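Just run_30.tsv here, TSV, C-alpha atoms:
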chain	number	residue	atom	x	y	z
X	1	ALA	CA	-48.50	-15.66	-33.52
X	2	GLN	CA	-47.95	-11.97	-33.79
X	3	SER	CA	-45.88	-10.51	-36.58
X	4	VAL	CA	-44.65	-6.98	-37.21
X	5	SER	CA	-44.29	-5.23	-40.54
X	6	GLN	CA	-42.12	-2.20	-41.11
X	7	HIS	CA	-42.86	-0.91	-44.56
X	8	ASN	CA	-39.89	1.36	-45.05
X	9	HIS	CA	-36.58	-0.48	-45.20
X	10	HIS	CA	-34.39	2.52	-45.94
X	11	VAL	CA	-35.31	6.19	-45.54
X	12	ILE	CA	-33.09	9.08	-46.55
X	13	LEU	CA	-33.90	12.59	-45.34
X	14	SER	CA	-32.33	15.99	-45.07
X	15	GLU	CA	-32.03	17.66	-41.70
X	16	ALA	CA	-35.20	19.43	-40.56
X	17	ALA	CA	-37.42	17.15	-42.67
X	18	SER	CA	-40.32	15.43	-40.96
X	19	LEU	CA	-40.20	11.70	-40.34
X	20	GLU	CA	-42.84	9.01	-40.20
X	21	LEU	CA	-41.91	5.34	-40.04
X	22	GLY	CA	-44.66	2.79	-40.46
X	23	CYS	CA	-45.29	-0.17	-38.20
X	24	ASN	CA	-48.17	-2.63	-38.33
X	25	TYR	CA	-48.79	-5.69	-36.19
X	26	SER	CA	-50.86	-8.65	-37.20
X	27	TYR	CA	-53.67	-9.05	-34.70
X	28	GLY	CA	-55.43	-7.16	-31.97
X	29	GLY	CA	-56.42	-7.59	-28.38
X	30	THR	CA	-54.28	-6.10	-25.66
X	31	VAL	CA	-50.91	-5.19	-27.10
X	32	ASN	CA	-47.71	-3.75	-25.74
X	33	LEU	CA	-45.81	-1.88	-28.43
X	34	PHE	CA	-42.25	-0.59	-28.57
X	35	TRP	CA	-39.88	1.33	-30.75
X	36	TYR	CA	-36.19	0.62	-30.29
X	37	VAL	CA	-33.30	2.46	-31.91
X	38	GLN	CA	-29.80	1.25	-32.72
X	39	TYR	CA	-27.28	4.00	-33.42
X	40	PRO	CA	-24.22	3.01	-35.46
X	41	GLY	CA	-21.93	0.86	-33.34
X	42	GLN	CA	-24.21	1.01	-30.31
X	43	HIS	CA	-26.66	-1.31	-28.60
X	44	LEU	CA	-30.40	-1.40	-29.06
X	45	GLN	CA	-32.10	1.09	-26.79
X	46	LEU	CA	-35.71	1.89	-26.05
X	47	LEU	CA	-37.13	4.95	-27.76
X	48	LEU	CA	-40.70	4.72	-26.47
X	49	LYS	CA	-43.39	2.25	-25.52
X	50	TYR	CA	-47.15	1.92	-25.32
X	51	PHE	CA	-48.93	-0.25	-22.77
X	52	SER	CA	-52.27	1.52	-22.23
X	53	GLY	CA	-53.84	4.96	-21.87
X	54	ASP	CA	-53.14	7.87	-24.19
X	55	PRO	CA	-52.51	6.41	-27.66
X	56	LEU	CA	-50.08	9.22	-28.45
X	57	VAL	CA	-46.84	8.31	-26.75
X	58	LYS	CA	-43.92	10.68	-26.29
X	59	GLY	CA	-40.43	9.24	-26.26
X	60	ILE	CA	-36.89	10.46	-25.96
X	61	LYS	CA	-35.17	12.88	-28.37
X	62	GLY	CA	-38.42	14.38	-29.64
X	63	PHE	CA	-39.88	11.16	-31.02
X	64	GLU	CA	-43.52	10.20	-30.65
X	65	ALA	CA	-45.69	7.34	-31.81
X	66	GLU	CA	-49.42	6.94	-32.21
X	67	PHE	CA	-51.25	3.71	-31.49
X	68	ILE	CA	-54.24	3.33	-33.81
X	69	LYS	CA	-56.08	0.21	-32.77
X	70	SER	CA	-58.38	0.09	-35.80
X	71	LYS	CA	-55.39	0.10	-38.13
X	72	PHE	CA	-53.17	-2.21	-36.04
X	73	SER	CA	-50.54	0.49	-36.39
X	74	PHE	CA	-47.93	2.17	-34.22
X	75	ASN	CA	-46.15	4.65	-36.47
X	76	LEU	CA	-43.12	6.59	-35.28
X	77	ARG	CA	-42.89	10.32	-35.95
X	78	LYS	CA	-40.55	13.22	-35.47
X	79	PRO	CA	-41.36	16.69	-36.82
X	80	SER	CA	-37.78	17.71	-37.59
X	81	VAL	CA	-34.95	15.18	-37.84
X	82	GLN	CA	-31.31	15.80	-37.06
X	83	TRP	CA	-28.15	14.23	-38.44
X	84	SER	CA	-27.74	12.48	-35.09
X	85	ASP	CA	-30.99	10.57	-35.72
X	86	THR	CA	-29.17	8.44	-38.29
X	87	ALA	CA	-29.76	4.93	-36.99
X	88	GLU	CA	-31.78	1.78	-37.44
X	89	TYR	CA	-35.28	1.79	-35.95
X	90	PHE	CA	-37.11	-1.33	-34.86
X	91	CYS	CA	-40.77	-1.69	-34.02
X	92	ALA	CA	-41.72	-4.53	-31.67
X	93	VAL	CA	-44.83	-6.02	-30.13
X	94	LYS	CA	-44.95	-8.10	-26.98
X	95	ASP	CA	-46.58	-11.51	-27.40
X	96	THR	CA	-46.89	-13.22	-23.97
X	97	ASP	CA	-43.26	-13.25	-22.87
X	98	LYS	CA	-41.70	-12.64	-26.28
X	99	LEU	CA	-40.79	-9.47	-28.09
X	100	ILE	CA	-41.57	-9.83	-31.79
X	101	PHE	CA	-39.53	-7.43	-33.89
X	102	GLY	CA	-39.93	-6.01	-37.36
X	103	THR	CA	-37.08	-6.10	-39.86
X	104	GLY	CA	-36.07	-2.54	-39.03
X	105	THR	CA	-35.86	0.73	-40.94
X	106	ARG	CA	-32.52	2.28	-41.68
X	107	LEU	CA	-32.71	6.07	-41.46
X	108	GLN	CA	-30.00	8.25	-42.96
X	109	VAL	CA	-30.14	11.97	-42.32
X	110	PHE	CA	-27.93	14.26	-44.35
X	111	PRO	CA	-26.90	17.72	-43.16
D	1	GLU	CA	-24.19	1.81	-20.90
D	2	THR	CA	-27.38	-0.14	-20.32
D	3	GLY	CA	-26.19	-2.34	-17.50
D	4	VAL	CA	-26.11	-5.38	-19.78
D	5	THR	CA	-22.64	-6.45	-20.88
D	6	GLN	CA	-21.64	-9.12	-23.37
D	7	THR	CA	-18.30	-10.79	-24.05
D	8	PRO	CA	-16.64	-11.25	-26.38
D	9	ARG	CA	-17.76	-8.43	-28.66
D	10	HIS	CA	-16.39	-10.19	-31.72
D	11	LEU	CA	-15.77	-13.89	-32.33
D	12	VAL	CA	-14.48	-15.83	-35.29
D	13	MET	CA	-14.73	-19.59	-35.07
D	14	GLY	CA	-14.42	-22.64	-37.25
D	15	MET	CA	-17.24	-25.11	-37.70
D	16	THR	CA	-15.56	-27.65	-35.41
D	17	ASN	CA	-14.83	-25.24	-32.58
D	18	LYS	CA	-16.61	-24.93	-29.26
D	19	LYS	CA	-17.02	-21.46	-27.80
D	20	SER	CA	-19.27	-19.66	-25.34
D	21	LEU	CA	-20.88	-16.24	-25.31
D	22	LYS	CA	-21.36	-14.54	-21.98
D	23	CYS	CA	-23.95	-12.04	-20.86
D	24	GLU	CA	-24.11	-10.28	-17.51
D	25	GLN	CA	-26.75	-7.89	-16.29
D	26	HIS	CA	-26.17	-5.47	-13.44
D	27	LEU	CA	-29.78	-4.33	-13.15
D	28	GLY	CA	-31.23	-6.85	-10.73
D	29	HIS	CA	-33.58	-8.18	-13.41
D	30	ASN	CA	-35.31	-11.55	-13.29
D	31	ALA	CA	-35.57	-12.46	-16.95
D	32	MET	CA	-32.85	-12.83	-19.57
D	33	TYR	CA	-33.05	-13.44	-23.29
D	34	TRP	CA	-30.90	-14.45	-26.25
D	35	TYR	CA	-31.71	-12.99	-29.67
D	36	LYS	CA	-30.13	-13.49	-33.09
D	37	GLN	CA	-29.85	-10.51	-35.44
D	38	SER	CA	-29.09	-11.44	-39.04
D	39	ALA	CA	-28.85	-9.04	-41.93
D	40	LYS	CA	-32.23	-8.06	-43.40
D	41	LYS	CA	-34.16	-10.31	-41.02
D	42	PRO	CA	-36.11	-9.44	-37.89
D	43	LEU	CA	-34.49	-10.03	-34.55
D	44	GLU	CA	-35.23	-13.63	-33.67
D	45	LEU	CA	-35.84	-14.65	-30.10
D	46	MET	CA	-33.84	-17.78	-29.28
D	47	PHE	CA	-34.21	-18.44	-25.57
D	48	VAL	CA	-35.95	-16.97	-22.55
D	49	TYR	CA	-34.94	-17.54	-18.94
D	50	ASN	CA	-37.40	-16.52	-16.26
D	51	PHE	CA	-36.04	-16.59	-12.71
D	52	LYS	CA	-33.21	-18.88	-13.95
D	53	GLU	CA	-35.64	-21.34	-15.55
D	54	GLN	CA	-35.78	-21.73	-19.30
D	55	THR	CA	-39.29	-20.88	-20.41
D	56	GLU	CA	-38.81	-20.56	-24.13
D	57	ASN	CA	-36.79	-22.37	-26.74
D	58	ASN	CA	-37.83	-20.93	-30.04
D	59	SER	CA	-37.02	-24.00	-32.16
D	60	VAL	CA	-33.32	-23.33	-31.89
D	61	PRO	CA	-30.95	-26.06	-33.17
D	62	SER	CA	-29.18	-28.07	-30.50
D	63	ARG	CA	-25.80	-26.71	-31.57
D	64	PHE	CA	-26.82	-23.69	-29.47
D	65	SER	CA	-27.00	-24.51	-25.78
D	66	PRO	CA	-27.97	-21.87	-23.20
D	67	GLU	CA	-27.04	-21.85	-19.55
D	68	CYS	CA	-28.28	-19.60	-16.80
D	69	PRO	CA	-26.41	-20.30	-13.54
D	70	ASN	CA	-27.99	-17.35	-11.74
D	71	SER	CA	-30.28	-14.45	-12.53
D	72	SER	CA	-27.37	-12.16	-13.44
D	73	HIS	CA	-25.52	-14.39	-15.88
D	74	LEU	CA	-26.48	-16.03	-19.12
D	75	PHE	CA	-24.31	-18.09	-21.42
D	76	LEU	CA	-24.74	-19.37	-24.94
D	77	HIS	CA	-22.56	-22.40	-25.67
D	78	LEU	CA	-21.77	-22.93	-29.31
D	79	HIS	CA	-20.54	-26.12	-31.00
D	80	THR	CA	-20.31	-27.36	-34.56
D	81	LEU	CA	-21.89	-24.21	-35.93
D	82	GLN	CA	-22.62	-23.55	-39.59
D	83	PRO	CA	-21.66	-20.49	-41.66
D	84	GLU	CA	-25.33	-19.41	-41.70
D	85	ASP	CA	-25.11	-19.02	-37.93
D	86	SER	CA	-22.93	-15.96	-38.46
D	87	ALA	CA	-24.88	-13.07	-36.97
D	88	LEU	CA	-25.04	-10.61	-34.13
D	89	TYR	CA	-26.15	-12.32	-30.93
D	90	LEU	CA	-27.90	-10.02	-28.50
D	91	CYS	CA	-28.62	-10.55	-24.85
D	92	ALA	CA	-31.40	-8.69	-23.07
D	93	SER	CA	-32.87	-8.59	-19.59
D	94	SER	CA	-36.06	-7.34	-17.99
D	95	GLN	CA	-37.40	-6.83	-14.51
D	96	GLY	CA	-40.37	-8.67	-13.13
D	97	GLY	CA	-40.19	-11.81	-15.20
D	98	ALA	CA	-40.58	-12.40	-18.91
D	99	GLY	CA	-44.38	-12.30	-18.94
D	100	SER	CA	-44.62	-8.86	-17.40
D	101	GLN	CA	-44.92	-5.54	-19.16
D	102	GLU	CA	-41.38	-4.62	-18.34
D	103	THR	CA	-39.05	-3.16	-20.92
D	104	GLN	CA	-36.18	-5.28	-22.18
D	105	TYR	CA	-32.72	-3.78	-21.98
D	106	PHE	CA	-30.19	-4.96	-24.54
D	107	GLY	CA	-26.49	-5.57	-24.44
D	108	PRO	CA	-24.13	-4.50	-27.24
D	109	GLY	CA	-24.07	-7.94	-28.81
D	110	THR	CA	-21.44	-10.41	-29.93
D	111	ARG	CA	-20.65	-10.32	-33.63
D	112	LEU	CA	-20.06	-13.97	-34.60
D	113	LEU	CA	-18.45	-15.14	-37.79
D	114	VAL	CA	-18.40	-18.88	-38.53
D	115	LEU	CA	-15.88	-19.97	-41.14

Would you mind writing the file out in structure tokens?
Amino acid sequence: AQSVSQHNHHVILSEAASLELGCNYSYGGTVNLFWYVQYPGQHLQLLLKYFSGDPLVKGIKGFEAEFIKSKFSFNLRKPSVQWSDTAEYFCAVKDTDKLIFGTGTRLQVFP
Amino acid sequence: ETGVTQTPRHLVMGMTNKKSLKCEQHLGHNAMYWYKQSAKKPLELMFVYNFKEQTENNSVPSRFSPECPNSSHLFLHLHTLQPEDSALYLCASSQGGAGSQETQYFGPGTRLLVL
């Protein structure tokens, strides 16, 4: 079965710093990939997703992710973070009818 | 507001109690899911209902019992839980059935504490 690894458990940045959160999945073939975000006290919400086509996916709030098939990776990036990006970020891969999640990365952005 | 609501938002129960969690989706979706979110662990899929039929039971103990009376409502009945069952229980729904490429939309969760 698929598994998802998020290498960074806790990331602390200052505002305007660039962000890259790592995500790797365990095996290839056709994959559907997602990044979800959970702001403090709020529900999980979709940030962006990749199903096919352009491997560079643009999401909401200036986030993007790049699917690199050869590396089984789907890293999340943002060129300049804001304090409001403080949240927990979850990478997920769809395996038949299941979403398999990583353990999440907690991002703290300080003004 | 995602269109997926869960009640109660917080629940404290003893190990001998019986309680139920409720999820309702207002999105016209065909698939509904229960997940468990524990500290420092990945979200764990518990159950999948596809067009009201249970299609996945991810080795969940029988003290958790799901019910899906219609495509808009999903329940999780709890009885004789253990303290390690304390977690955030998330409901999600998706359009087009669980095997499709559709995005899952999550509710706010029920924070459960078992004493």

Next on the checklist: I want to know what sits within 9 Å of range 73-75 of chain X, based on all atoms listed in the file, with residues of the same chain fewer than 4 positions away left out; could you give that as a ChimeraX atom specification?
Outcome noted: /X:20-25,33-35,50,64-69,91

Checklist entry - When the cut-off is 10 Å and we count all atoms listed in the file, which residues of chain D are near chain X, given as JSON, numbers by chain? => result {"D": [1, 2, 4, 31, 33, 35, 37, 38, 39, 40, 41, 42, 43, 44, 45, 46, 47, 48, 50, 55, 56, 58, 90, 92, 97, 98, 99, 100, 101, 102, 103, 104, 105, 106, 107, 108, 109]}

Next on the checklist: as a PyMOL selection string, please: the residues near Val109 in chain X (cut-off 6 Å, all atoms listed in the file, same-chain neighbours under 5 positions excluded).
Outcome noted: chain X and resi 12-14+83+86

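If you look at CA of Ser72 in chain D and CA of Ser93 in chain D, they are 9.0 Å away from each other.
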
Checklist entry - Between CA of His73 in chain D and CA of His26 in chain D, what is the spacing in Å? => result 9.3 Å

Item to check | Contacts of Cys68 in chain D within 9 Å, all atoms listed in the file, excl. fewer than 5 positions in-chain, as JSON, numbers by chain | outcome: {"D": [32, 49, 52, 53, 54, 73, 74, 75, 76]}

Selection export as an mmCIF file, in the frame of the given file, atoms kept: C-alpha atoms:
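Saved the output as again_18.cif:
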data_model
loop_
_atom_site.group_PDB
_atom_site.id
_atom_site.type_symbol
_atom_site.label_atom_id
_atom_site.label_comp_id
_atom_site.auth_asym_id
_atom_site.auth_seq_id
_atom_site.Cartn_x
_atom_site.Cartn_y
_atom_site.Cartn_z
ATOM 1 C CA MET D 32 -32.850 -12.830 -19.570
ATOM 2 C CA TYR D 49 -34.940 -17.540 -18.940
ATOM 3 C CA LYS D 52 -33.210 -18.880 -13.950
ATOM 4 C CA GLU D 53 -35.640 -21.340 -15.550
ATOM 5 C CA GLN D 54 -35.780 -21.730 -19.300
ATOM 6 C CA HIS D 73 -25.520 -14.390 -15.880
ATOM 7 C CA LEU D 74 -26.480 -16.030 -19.120
ATOM 8 C CA PHE D 75 -24.310 -18.090 -21.420
ATOM 9 C CA LEU D 76 -24.740 -19.370 -24.940
#

Next on the checklist: List as an MDAnalysis selection string the residues having at least one atom at most 7 Å from position (-14.0, -15.0, -34.2) as given in the file, counting all atoms listed in the file.
Outcome noted: chainID D and resid 10:13 112:113

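Minimum distance to Gln25 in chain D across D:Asp85, D:Asn57, D:Ser62, D:Gln95 (counting all atoms listed in the file) occurs at D:Gln95.
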
Checklist entry - Within 8 Å of (-16.3, -19.7, -40.5), all atoms listed in the file: residues as a list in words? => result Val12, Met13, Gly14, Met15, Gln82, Pro83, Ser86, Leu113, Val114 and Leu115 of chain D
